[in-house]
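Shown next, in structure tokens, is the structure this report addresses.
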Number of protein chains: 4
Amino acid sequence: MTSSTDAPTYGYSARKESHLKRLRRIEGQVRGLQRMVDEDKYCIDILTQVAAATKALQSFSLELLDEHLGHCVVDAAQKGGDEAQEKVREASEAIARLVRS
Amino acid sequence: MTSSTDAPTYGYSARKESHLKRLRRIEGQVRGLQRMVDEDKYCIDILTQVAAATKALQSFSLELLDEHLGHCVVDAAQKGGDEAQEKVREASEAIARLVRS
Amino acid sequence: MTSSTDAPTYGYSARKESHLKRLRRIEGQVRGLQRMVDEDKYCIDILTQVAAATKALQSFSLELLDEHLGHCVVDAAQKGGDEAQEKVREASEAIARLVRS
Amino acid sequence: MTSSTDAPTYGYSARKESHLKRLRRIEGQVRGLQRMVDEDKYCIDILTQVAAATKALQSFSLELLDEHLGHCVVDAAQKGGDEAQEKVREASEAIARLVRS
């Protein structure tokens, strides 16, 4: 969706580095879970760490979604036309997947 | 957001009757839960009904939110100014409460 | 599951009154939601109240489940036989419905 | 909970390999997310993948919890004494963290 000369304009681009850092930390949490299973740690302690990783993924989605609403949805609304409603529909579906996951 | 003579124009107004119907059904589910507890029904069966009521409340929120994005947020974006960002921030907070509830 | 002379022995019976009180409060929250929709309250404020009612239903399930594990599951385990595994399977399914709702 | 000579007997040990495989797949999903952010993929597509990873972590917890109930909690109940109630309390707290995450 980006042309050869333009920088991408998605909402999250500005915070790309912070997102990557966050995802690398989550990757580390998942590797930590593997270590815990491998070392036969107590199930309840593993579950606590799974909940922490799940929460971290959720916060990441919420931030991404906030940026998406503030950029893509608002931009589409300002351009007018059908695109705004299409963007809203798409965002609503993403929110439903998030709430149900 | 309501002018002095008009009925309010929130996104959900158009579907007010359908929302009220849905909420009355959820009220009925909660009353059904009281009956189940009162008649000492089996805990697992009660839990199944609680999950159904929770899902119904969640679907209601998702619909309300979809209407809010499609009306209030899009309208604010089209008017321009700071209001759009304020509406997005507010919607994002509501989504976070939803995801975490 | 209750004989004609015995009081029922589900885990939650002891706290029946407290459960009914809690459910009546949730019913009140759902009626409050109907009033808010009826009076065309602002969508975000309605969403905040829906999240509160959802959380209340969830706390109710968690308490019910805790009592179920502490009574029905523990009792079945003490009796021995296949019933314990059946109760665990049933509880796990209820937990999955809860997590996904 | 492990004797001096035996391998640990937590419920999940029997399925250790399957758990590790599952977690490695989730690690791959998180690395895939980093790639998507790095390549400026569309936010909605990233959100879909975050929801998939979150669901995978949740299924993992549910399986772990099921094994925990079927082994540690049932075993404690059969031994009798206070340990069963302690195990139930601990499991209920883990379930609450899961439901709220």
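Labels for the structure tokens follow display order: chains A, B, ..., residues from 1 in each chain, ligands from 1.
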
At a cut-off of 9 Å, list the chain B residues touching chain D, using only C-alpha atoms, as a PyMOL selection string. chain B and resi 99-101

Using only C-alpha atoms, which protein or nucleic acid residues come within 10 Å of range 44-59 of chain D? Drop anything in the same chain fewer than 5 positions from it, and give the result as a PyMOL selection string. (chain A and resi 30+47+50-51+53-58+60-62+64-65+68+87+90-91+93-101) or (chain C and resi 96+99-100) or (chain D and resi 22-23+25-30+32-37+64-65+98-99+101)
